[in-house]
Structure formats: C-alpha cells, structure tokens
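K.L.:
Contents of entry_23.cif (mmCIF, N, CA and C atoms) are below:
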```cif
data_work
#
loop_
_atom_site.label_atom_id
_atom_site.label_comp_id
_atom_site.auth_asym_id
_atom_site.auth_seq_id
_atom_site.Cartn_x
_atom_site.Cartn_y
_atom_site.Cartn_z
N MET A 1 8.48 2.66 -8.67
CA MET A 1 7.55 3.61 -9.25
C MET A 1 7.15 4.61 -8.19
N SER A 2 7.20 5.85 -8.57
CA SER A 2 6.80 6.93 -7.68
C SER A 2 6.22 8.04 -8.55
N ASP A 3 6.01 9.21 -7.95
CA ASP A 3 5.48 10.30 -8.75
C ASP A 3 6.56 10.85 -9.66
N GLU A 4 6.23 11.87 -10.44
CA GLU A 4 7.16 12.41 -11.43
C GLU A 4 8.44 12.98 -10.80
N ASN A 5 8.42 13.28 -9.51
CA ASN A 5 9.61 13.80 -8.83
C ASN A 5 10.35 12.72 -8.05
N GLY A 6 9.94 11.45 -8.20
CA GLY A 6 10.61 10.37 -7.51
C GLY A 6 10.14 10.15 -6.08
N HIS A 7 9.07 10.80 -5.69
CA HIS A 7 8.55 10.65 -4.33
C HIS A 7 7.57 9.49 -4.27
N PRO A 8 7.71 8.62 -3.28
CA PRO A 8 6.74 7.53 -3.14
C PRO A 8 5.33 8.09 -2.92
N ARG A 9 4.37 7.45 -3.54
CA ARG A 9 2.96 7.87 -3.41
C ARG A 9 2.25 6.95 -2.43
N VAL A 10 1.54 7.56 -1.49
CA VAL A 10 0.81 6.81 -0.48
C VAL A 10 -0.63 7.30 -0.45
N LEU A 11 -1.56 6.35 -0.49
CA LEU A 11 -2.98 6.67 -0.37
C LEU A 11 -3.44 6.27 1.02
N ILE A 12 -4.08 7.21 1.71
CA ILE A 12 -4.62 6.96 3.04
C ILE A 12 -6.13 6.82 2.90
N VAL A 13 -6.68 5.70 3.37
CA VAL A 13 -8.12 5.47 3.30
C VAL A 13 -8.61 5.27 4.74
N ASP A 14 -9.27 6.31 5.27
CA ASP A 14 -9.75 6.28 6.65
C ASP A 14 -10.96 7.20 6.73
N ASP A 15 -12.03 6.75 7.39
CA ASP A 15 -13.23 7.56 7.47
C ASP A 15 -13.10 8.75 8.43
N ASP A 16 -12.01 8.86 9.16
CA ASP A 16 -11.78 9.96 10.08
C ASP A 16 -10.88 11.01 9.42
N PRO A 17 -11.43 12.18 9.07
CA PRO A 17 -10.63 13.21 8.39
C PRO A 17 -9.41 13.66 9.20
N ALA A 18 -9.52 13.68 10.53
CA ALA A 18 -8.39 14.09 11.36
C ALA A 18 -7.23 13.10 11.24
N ILE A 19 -7.54 11.82 11.19
CA ILE A 19 -6.50 10.79 10.99
C ILE A 19 -5.85 10.97 9.63
N CYS A 20 -6.66 11.19 8.61
CA CYS A 20 -6.13 11.41 7.26
C CYS A 20 -5.16 12.58 7.24
N ARG A 21 -5.56 13.70 7.85
CA ARG A 21 -4.70 14.89 7.86
C ARG A 21 -3.40 14.62 8.63
N SER A 22 -3.52 13.96 9.76
CA SER A 22 -2.35 13.68 10.59
C SER A 22 -1.35 12.77 9.88
N LEU A 23 -1.85 11.69 9.29
CA LEU A 23 -0.97 10.76 8.57
C LEU A 23 -0.35 11.43 7.35
N ALA A 24 -1.14 12.20 6.61
CA ALA A 24 -0.62 12.89 5.43
C ALA A 24 0.48 13.88 5.81
N LYS A 25 0.29 14.57 6.91
CA LYS A 25 1.29 15.54 7.38
C LYS A 25 2.62 14.83 7.68
N ILE A 26 2.56 13.70 8.38
CA ILE A 26 3.76 12.93 8.71
C ILE A 26 4.46 12.46 7.44
N LEU A 27 3.69 11.91 6.50
CA LEU A 27 4.28 11.36 5.28
C LEU A 27 4.83 12.44 4.36
N ASN A 28 4.08 13.52 4.19
CA ASN A 28 4.55 14.61 3.34
C ASN A 28 5.82 15.25 3.90
N ALA A 29 5.94 15.33 5.23
CA ALA A 29 7.14 15.88 5.86
C ALA A 29 8.37 15.03 5.57
N GLN A 30 8.16 13.77 5.22
CA GLN A 30 9.26 12.86 4.90
C GLN A 30 9.50 12.74 3.39
N GLY A 31 8.89 13.63 2.62
CA GLY A 31 9.13 13.65 1.18
C GLY A 31 8.26 12.70 0.38
N MET A 32 7.24 12.16 1.01
CA MET A 32 6.31 11.30 0.28
C MET A 32 5.16 12.14 -0.25
N LYS A 33 4.46 11.62 -1.22
CA LYS A 33 3.28 12.28 -1.77
C LYS A 33 2.06 11.55 -1.23
N ALA A 34 1.45 12.11 -0.18
CA ALA A 34 0.32 11.46 0.46
C ALA A 34 -1.00 12.10 0.01
N GLU A 35 -1.95 11.25 -0.30
CA GLU A 35 -3.30 11.67 -0.63
C GLU A 35 -4.24 10.87 0.26
N SER A 36 -5.43 11.40 0.51
CA SER A 36 -6.33 10.67 1.40
C SER A 36 -7.76 10.67 0.89
N LEU A 37 -8.47 9.65 1.33
CA LEU A 37 -9.90 9.50 1.05
C LEU A 37 -10.60 9.17 2.36
N THR A 38 -11.71 9.82 2.61
CA THR A 38 -12.52 9.46 3.78
C THR A 38 -13.68 8.56 3.38
N ASP A 39 -13.86 8.37 2.08
CA ASP A 39 -14.91 7.49 1.57
C ASP A 39 -14.26 6.26 0.95
N PRO A 40 -14.27 5.14 1.67
CA PRO A 40 -13.58 3.95 1.16
C PRO A 40 -14.16 3.41 -0.15
N THR A 41 -15.41 3.74 -0.45
CA THR A 41 -16.00 3.25 -1.70
C THR A 41 -15.34 3.88 -2.92
N LYS A 42 -14.56 4.95 -2.73
CA LYS A 42 -13.88 5.62 -3.85
C LYS A 42 -12.44 5.12 -4.02
N ALA A 43 -11.99 4.24 -3.14
CA ALA A 43 -10.59 3.81 -3.17
C ALA A 43 -10.22 3.09 -4.47
N LEU A 44 -11.06 2.18 -4.92
CA LEU A 44 -10.73 1.43 -6.14
C LEU A 44 -10.66 2.35 -7.35
N GLY A 45 -11.56 3.31 -7.42
CA GLY A 45 -11.52 4.28 -8.51
C GLY A 45 -10.26 5.12 -8.47
N GLN A 46 -9.81 5.46 -7.28
CA GLN A 46 -8.59 6.25 -7.11
C GLN A 46 -7.36 5.45 -7.57
N LEU A 47 -7.38 4.15 -7.36
CA LEU A 47 -6.26 3.29 -7.73
C LEU A 47 -6.27 2.91 -9.20
N ASP A 48 -7.41 3.03 -9.84
CA ASP A 48 -7.54 2.64 -11.24
C ASP A 48 -6.76 3.61 -12.12
N GLY A 49 -5.71 3.13 -12.74
CA GLY A 49 -4.91 3.96 -13.64
C GLY A 49 -3.88 4.84 -12.95
N ARG A 50 -3.77 4.73 -11.64
CA ARG A 50 -2.81 5.55 -10.89
C ARG A 50 -2.11 4.64 -9.90
N PHE A 51 -0.78 4.63 -9.93
CA PHE A 51 -0.04 3.73 -9.04
C PHE A 51 0.30 4.42 -7.72
N TYR A 52 0.01 3.71 -6.65
CA TYR A 52 0.43 4.13 -5.31
C TYR A 52 1.38 3.07 -4.79
N ASN A 53 2.49 3.51 -4.22
CA ASN A 53 3.44 2.56 -3.65
C ASN A 53 2.83 1.85 -2.45
N ALA A 54 2.05 2.60 -1.67
CA ALA A 54 1.46 2.02 -0.47
C ALA A 54 0.08 2.60 -0.23
N VAL A 55 -0.75 1.82 0.45
CA VAL A 55 -2.06 2.27 0.91
C VAL A 55 -2.12 2.01 2.41
N LEU A 56 -2.47 3.05 3.16
CA LEU A 56 -2.76 2.90 4.59
C LEU A 56 -4.27 2.76 4.68
N LEU A 57 -4.74 1.61 5.10
CA LEU A 57 -6.16 1.27 5.02
C LEU A 57 -6.73 0.98 6.40
N ASP A 58 -7.71 1.80 6.80
CA ASP A 58 -8.41 1.57 8.06
C ASP A 58 -9.25 0.30 7.93
N ILE A 59 -9.40 -0.40 9.01
CA ILE A 59 -10.18 -1.64 8.96
C ILE A 59 -11.66 -1.39 9.18
N PHE A 60 -12.00 -0.64 10.22
CA PHE A 60 -13.41 -0.46 10.57
C PHE A 60 -13.93 0.88 10.05
N MET A 61 -14.68 0.81 8.94
CA MET A 61 -15.29 1.99 8.33
C MET A 61 -16.76 1.66 8.07
N PRO A 62 -17.63 2.67 8.12
CA PRO A 62 -19.06 2.38 8.00
C PRO A 62 -19.50 1.83 6.63
N GLU A 63 -18.91 2.30 5.54
CA GLU A 63 -19.39 1.89 4.22
C GLU A 63 -18.93 0.49 3.83
N ILE A 64 -17.66 0.20 4.12
CA ILE A 64 -17.08 -1.10 3.76
C ILE A 64 -15.90 -1.37 4.68
N SER A 65 -15.74 -2.58 5.07
CA SER A 65 -14.63 -2.97 5.93
C SER A 65 -13.33 -2.93 5.13
N GLY A 66 -12.28 -2.46 5.76
CA GLY A 66 -10.97 -2.49 5.13
C GLY A 66 -10.54 -3.91 4.79
N LEU A 67 -10.97 -4.89 5.61
CA LEU A 67 -10.65 -6.29 5.32
C LEU A 67 -11.32 -6.75 4.03
N ASP A 68 -12.52 -6.25 3.75
CA ASP A 68 -13.20 -6.61 2.51
C ASP A 68 -12.63 -5.86 1.31
N LEU A 69 -12.16 -4.65 1.56
CA LEU A 69 -11.60 -3.82 0.49
C LEU A 69 -10.19 -4.27 0.11
N LEU A 70 -9.46 -4.83 1.05
CA LEU A 70 -8.06 -5.22 0.84
C LEU A 70 -7.85 -6.11 -0.39
N PRO A 71 -8.55 -7.23 -0.53
CA PRO A 71 -8.30 -8.07 -1.72
C PRO A 71 -8.67 -7.37 -3.03
N GLU A 72 -9.66 -6.50 -2.98
CA GLU A 72 -10.05 -5.75 -4.18
C GLU A 72 -8.95 -4.77 -4.59
N ILE A 73 -8.33 -4.13 -3.60
CA ILE A 73 -7.21 -3.23 -3.88
C ILE A 73 -6.06 -4.00 -4.52
N LEU A 74 -5.77 -5.17 -3.98
CA LEU A 74 -4.66 -5.96 -4.51
C LEU A 74 -4.95 -6.51 -5.90
N LYS A 75 -6.22 -6.71 -6.24
CA LYS A 75 -6.57 -7.12 -7.61
C LYS A 75 -6.30 -5.98 -8.58
N VAL A 76 -6.68 -4.76 -8.20
CA VAL A 76 -6.52 -3.58 -9.06
C VAL A 76 -5.05 -3.17 -9.14
N SER A 77 -4.33 -3.30 -8.04
CA SER A 77 -2.94 -2.83 -7.97
C SER A 77 -2.08 -3.83 -7.19
N PRO A 78 -1.72 -4.94 -7.82
CA PRO A 78 -1.03 -6.02 -7.11
C PRO A 78 0.35 -5.66 -6.55
N ASN A 79 1.00 -4.65 -7.10
CA ASN A 79 2.33 -4.27 -6.60
C ASN A 79 2.27 -3.27 -5.45
N THR A 80 1.09 -2.79 -5.13
CA THR A 80 0.93 -1.84 -4.03
C THR A 80 0.99 -2.59 -2.70
N LYS A 81 1.70 -2.01 -1.75
CA LYS A 81 1.80 -2.59 -0.41
C LYS A 81 0.70 -1.95 0.45
N VAL A 82 -0.15 -2.79 1.03
CA VAL A 82 -1.27 -2.31 1.84
C VAL A 82 -0.95 -2.55 3.31
N ILE A 83 -1.00 -1.47 4.07
CA ILE A 83 -0.75 -1.52 5.51
C ILE A 83 -2.07 -1.21 6.20
N MET A 84 -2.55 -2.17 6.97
CA MET A 84 -3.82 -2.01 7.68
C MET A 84 -3.58 -1.20 8.95
N VAL A 85 -4.52 -0.30 9.24
CA VAL A 85 -4.41 0.56 10.40
C VAL A 85 -5.75 0.54 11.12
N THR A 86 -5.73 0.32 12.44
CA THR A 86 -6.99 0.29 13.17
C THR A 86 -6.82 0.75 14.61
N GLY A 87 -7.88 1.31 15.14
CA GLY A 87 -7.91 1.70 16.54
C GLY A 87 -8.48 0.61 17.41
N HIS A 88 -8.98 -0.45 16.80
CA HIS A 88 -9.63 -1.54 17.54
C HIS A 88 -9.01 -2.87 17.15
N GLY A 89 -7.71 -2.95 17.27
CA GLY A 89 -7.02 -4.15 16.81
C GLY A 89 -7.01 -5.27 17.81
N ASP A 90 -7.02 -6.46 17.30
CA ASP A 90 -6.82 -7.65 18.11
C ASP A 90 -6.04 -8.65 17.26
N LYS A 91 -5.54 -9.66 17.90
CA LYS A 91 -4.69 -10.64 17.23
C LYS A 91 -5.40 -11.31 16.05
N GLU A 92 -6.66 -11.69 16.22
CA GLU A 92 -7.39 -12.37 15.16
C GLU A 92 -7.56 -11.47 13.93
N THR A 93 -7.85 -10.19 14.16
CA THR A 93 -8.02 -9.26 13.04
C THR A 93 -6.69 -9.08 12.31
N ALA A 94 -5.61 -8.96 13.06
CA ALA A 94 -4.29 -8.80 12.44
C ALA A 94 -3.95 -10.02 11.58
N ILE A 95 -4.20 -11.19 12.11
CA ILE A 95 -3.91 -12.43 11.36
C ILE A 95 -4.76 -12.49 10.09
N GLU A 96 -6.03 -12.14 10.21
CA GLU A 96 -6.91 -12.16 9.03
C GLU A 96 -6.44 -11.16 7.98
N ALA A 97 -6.01 -9.97 8.40
CA ALA A 97 -5.50 -8.97 7.46
C ALA A 97 -4.28 -9.50 6.71
N LEU A 98 -3.39 -10.14 7.42
CA LEU A 98 -2.19 -10.69 6.79
C LEU A 98 -2.54 -11.83 5.85
N ARG A 99 -3.50 -12.65 6.24
CA ARG A 99 -3.96 -13.75 5.36
C ARG A 99 -4.55 -13.22 4.05
N ARG A 100 -5.20 -12.08 4.14
CA ARG A 100 -5.83 -11.50 2.94
C ARG A 100 -4.86 -10.70 2.09
N GLY A 101 -3.60 -10.60 2.53
CA GLY A 101 -2.59 -9.97 1.69
C GLY A 101 -2.01 -8.67 2.19
N ALA A 102 -2.36 -8.24 3.39
CA ALA A 102 -1.78 -7.00 3.92
C ALA A 102 -0.29 -7.17 4.13
N PHE A 103 0.45 -6.11 3.93
CA PHE A 103 1.88 -6.13 4.19
C PHE A 103 2.15 -6.11 5.70
N ASP A 104 1.39 -5.29 6.41
CA ASP A 104 1.57 -5.18 7.85
C ASP A 104 0.29 -4.64 8.48
N PHE A 105 0.32 -4.54 9.80
CA PHE A 105 -0.85 -4.17 10.58
C PHE A 105 -0.38 -3.25 11.69
N LEU A 106 -0.94 -2.03 11.76
CA LEU A 106 -0.57 -1.07 12.79
C LEU A 106 -1.80 -0.65 13.59
N GLU A 107 -1.59 -0.42 14.88
CA GLU A 107 -2.68 0.07 15.72
C GLU A 107 -2.61 1.59 15.82
N LYS A 108 -3.78 2.24 15.81
CA LYS A 108 -3.87 3.68 15.99
C LYS A 108 -3.90 3.98 17.48
N PRO A 109 -3.34 5.06 17.89
CA PRO A 109 -2.54 5.96 17.05
C PRO A 109 -1.14 5.37 16.85
N ALA A 110 -0.74 5.28 15.61
CA ALA A 110 0.59 4.74 15.29
C ALA A 110 1.64 5.83 15.51
N ARG A 111 2.68 5.46 16.22
CA ARG A 111 3.77 6.42 16.41
C ARG A 111 4.39 6.71 15.04
N ALA A 112 4.79 7.96 14.84
CA ALA A 112 5.35 8.37 13.56
C ALA A 112 6.55 7.51 13.17
N GLN A 113 7.42 7.23 14.12
CA GLN A 113 8.61 6.42 13.83
C GLN A 113 8.24 5.03 13.34
N LEU A 114 7.28 4.40 14.00
CA LEU A 114 6.85 3.06 13.61
C LEU A 114 6.18 3.09 12.23
N LEU A 115 5.34 4.08 12.00
CA LEU A 115 4.67 4.23 10.71
C LEU A 115 5.71 4.38 9.59
N LEU A 116 6.67 5.27 9.79
CA LEU A 116 7.68 5.52 8.76
C LEU A 116 8.58 4.29 8.55
N HIS A 117 8.89 3.59 9.63
CA HIS A 117 9.69 2.36 9.52
C HIS A 117 8.93 1.31 8.71
N THR A 118 7.65 1.16 9.00
CA THR A 118 6.83 0.16 8.29
C THR A 118 6.71 0.51 6.81
N ILE A 119 6.47 1.76 6.51
CA ILE A 119 6.39 2.17 5.10
C ILE A 119 7.74 2.00 4.43
N GLY A 120 8.81 2.32 5.13
CA GLY A 120 10.16 2.13 4.57
C GLY A 120 10.43 0.67 4.22
N ARG A 121 10.02 -0.25 5.10
CA ARG A 121 10.18 -1.69 4.81
C ARG A 121 9.36 -2.09 3.60
N ALA A 122 8.13 -1.57 3.53
CA ALA A 122 7.25 -1.89 2.41
C ALA A 122 7.85 -1.40 1.09
N LEU A 123 8.38 -0.18 1.10
CA LEU A 123 8.96 0.38 -0.12
C LEU A 123 10.22 -0.38 -0.53
N SER A 124 11.01 -0.79 0.44
CA SER A 124 12.23 -1.55 0.15
C SER A 124 11.88 -2.90 -0.48
N LEU A 125 10.92 -3.60 0.10
CA LEU A 125 10.50 -4.88 -0.47
C LEU A 125 9.90 -4.68 -1.86
N GLN A 126 9.10 -3.65 -2.02
CA GLN A 126 8.48 -3.38 -3.31
C GLN A 126 9.55 -3.12 -4.38
N ARG A 127 10.56 -2.33 -4.03
CA ARG A 127 11.65 -2.06 -4.98
C ARG A 127 12.31 -3.36 -5.42
N ALA A 128 12.62 -4.23 -4.45
CA ALA A 128 13.26 -5.51 -4.76
C ALA A 128 12.37 -6.37 -5.65
N GLU A 129 11.08 -6.42 -5.34
CA GLU A 129 10.14 -7.22 -6.15
C GLU A 129 10.04 -6.68 -7.57
N LEU A 130 9.99 -5.37 -7.72
CA LEU A 130 9.88 -4.78 -9.06
C LEU A 130 11.17 -4.97 -9.86
N GLU A 131 12.32 -4.90 -9.20
CA GLU A 131 13.58 -5.16 -9.88
C GLU A 131 13.67 -6.61 -10.32
N TYR A 132 13.21 -7.52 -9.48
CA TYR A 132 13.19 -8.94 -9.81
C TYR A 132 12.29 -9.20 -11.02
N GLU A 133 11.11 -8.59 -10.97
CA GLU A 133 10.16 -8.73 -12.08
C GLU A 133 10.76 -8.22 -13.39
N LYS A 134 11.44 -7.08 -13.32
CA LYS A 134 12.08 -6.50 -14.50
C LYS A 134 13.19 -7.42 -15.02
N ALA A 135 13.99 -7.96 -14.11
CA ALA A 135 15.07 -8.86 -14.50
C ALA A 135 14.51 -10.12 -15.17
N CYS A 136 13.44 -10.65 -14.64
CA CYS A 136 12.81 -11.84 -15.25
C CYS A 136 12.32 -11.55 -16.66
N LEU A 137 11.71 -10.38 -16.85
CA LEU A 137 11.24 -10.00 -18.19
C LEU A 137 12.41 -9.84 -19.16
N GLU A 138 13.51 -9.24 -18.69
CA GLU A 138 14.69 -9.09 -19.54
C GLU A 138 15.29 -10.45 -19.91
N LEU A 139 15.34 -11.35 -18.95
CA LEU A 139 15.85 -12.70 -19.23
C LEU A 139 14.97 -13.42 -20.24
N GLU A 140 13.68 -13.28 -20.09
CA GLU A 140 12.75 -13.92 -21.03
C GLU A 140 12.92 -13.35 -22.44
N ALA A 141 13.14 -12.03 -22.52
CA ALA A 141 13.35 -11.40 -23.83
C ALA A 141 14.65 -11.90 -24.46
N ARG A 142 15.71 -12.00 -23.66
CA ARG A 142 17.00 -12.50 -24.15
C ARG A 142 16.87 -13.96 -24.61
N LYS A 143 16.14 -14.73 -23.85
CA LYS A 143 15.93 -16.13 -24.21
C LYS A 143 15.23 -16.23 -25.56
N SER A 144 14.21 -15.41 -25.76
CA SER A 144 13.50 -15.40 -27.04
C SER A 144 14.43 -15.00 -28.19
N GLU A 145 15.27 -14.01 -27.95
CA GLU A 145 16.23 -13.58 -28.97
C GLU A 145 17.18 -14.72 -29.35
N LEU A 146 17.67 -15.44 -28.36
CA LEU A 146 18.59 -16.55 -28.62
C LEU A 146 17.91 -17.69 -29.35
N GLU A 147 16.65 -17.94 -29.02
CA GLU A 147 15.92 -19.00 -29.69
C GLU A 147 15.64 -18.67 -31.16
N ASP A 148 15.59 -17.38 -31.48
CA ASP A 148 15.33 -16.96 -32.86
C ASP A 148 16.59 -17.04 -33.73
N ILE A 149 17.73 -17.20 -33.11
CA ILE A 149 18.99 -17.23 -33.89
C ILE A 149 19.18 -18.58 -34.54
#
```
Represent the structure of the file as structure tokens.

P.N.:
Amino acid sequence: MSDENGHPRVLIVDDDPAICRSLAKILNAQGMKAESLTDPTKALGQLDGRFYNAVLLDIFMPEISGLDLLPEILKVSPNTKVIMVTGHGDKETAIEALRRGAFDFLEKPARAQLLLHTIGRALSLQRAELEYEKACLELEARKSELEDI
C-alpha cells in the first residue's frame, strides 16, 4: 500500500521542525511521500483512516514519549512499520523500543544511507507480510467455496 502514485508514505513525528524538514527532504528525494508532525499528540489522528507504510518516531518529546506512543500507533495501524529515532539513545532504550514493537532504532543524526536502508528493509518486510496476509485470505475463501460444494 502506498499513495495513489505508488510512492511509499512515511510519517515523521519529531518535535524538532529542522529534523522533520531534513528527513522529509531525504525521503522525498528518493520518491517517497513524506509528511511530518511536530506535535506528537496529533499522530494518532493523522494515522486514523490514512495508511502510512512507515513512521519515523522520535523517542524524547515534551508532550508524550515516543515509547508510549509506539503501541498506540501499532493499535491504530498494525501494518505500519515504526522506526524509532533519537538523539539520546542507549542500549536499554533501544531494547525497550523493540520490545514494544518498533521495527528498528536509529540514532540522530542518522546518515541518509542508513535511514534509506532501514526504510527499505521495513518496506520489503511489509510487502512480504501483506502478500502473505492476502494469500491466506484467498486460501480461506477457496476453502469456503470447496466446503459449499
């Protein structure tokens, strides 16, 4: 799933507008559709009814922690891959982010190559998961058809 032109959609949630602009510029240059929010309390509303392939989520924000927001994002959009991004990373925080369902964990400033590689891995896994889900639904439908005969 992507936008109407087939471009992956990425939501950036970071309280620093400069980080949002920088990340969006990198992603848009690679043909992705990047949008950003500096107010993390609006993230769930942004995800409601709109699919994003990935969310780049800052951990330390004044209104709400990215670690607290992460499980809520995954409840609203379970197929979205969430990549945690922080300027104050440590091993314990990274482990906690992964335990709560993050796809990966990057430290700021993330090199463009590493960011794009991580998003590429997330999109590849997401594609495989969605294809698997679709195949399972088709098999279940075929099974029902055969049982009705």

K.L.:
Using all atoms listed in the file, which protein or nucleic acid residues come within 5 Å of region 55-67 of chain A? Drop anything in the same chain fewer than 4 positions from it, and give the result as a list in words.

P.N.:
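That gives Leu11, Ile12, Val13, Asp14, Lys81, Val82, Ile83, Met84, Val85 and Thr86 of chain A.
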
K.L.:
Can you tell me, as a VMD selection string, what residues are no more than 6.5 Å from Ala34 (chain A) when counting all atoms listed in the file, ignoring any on the same chain fewer than 5 positions away?

P.N.:
chain A and resid 8 to 12 24 27 to 28

K.L.:
Mind listing whatever residues come within 12 Å of the point (-15.1, 12.6, 11.6)? Use only C-alpha atoms, file coordinates, and give them as number ranges by chain.

P.N.:
A: 14-21, 38-39, 61-62

K.L.:
So how many Å separate CA of Met32 (chain A) and CA of Gly6 (chain A), to one decimal?

P.N.:
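CA of Gly6 (chain A) lies at a distance of 8.9 Å from CA of Met32 (chain A).
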
K.L.:
Select, from A:Gln46, A:Ser124, A:Ser22, A:Gln30, the residue with the minimum atom-to-atom distance to Ser77 (chain A), counting only C-alpha atoms.

P.N.:
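Looking only at the distances to Ser77 (chain A), the closest residue turns out to be A:Gln46.
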
K.L.:
I need the residues in chain A that are helix (DSSP H, G or I) according to DSSP; give them as a PyMOL selection string.

P.N.:
chain A and resi 17-29+40-47+66-76+91-99+112-148
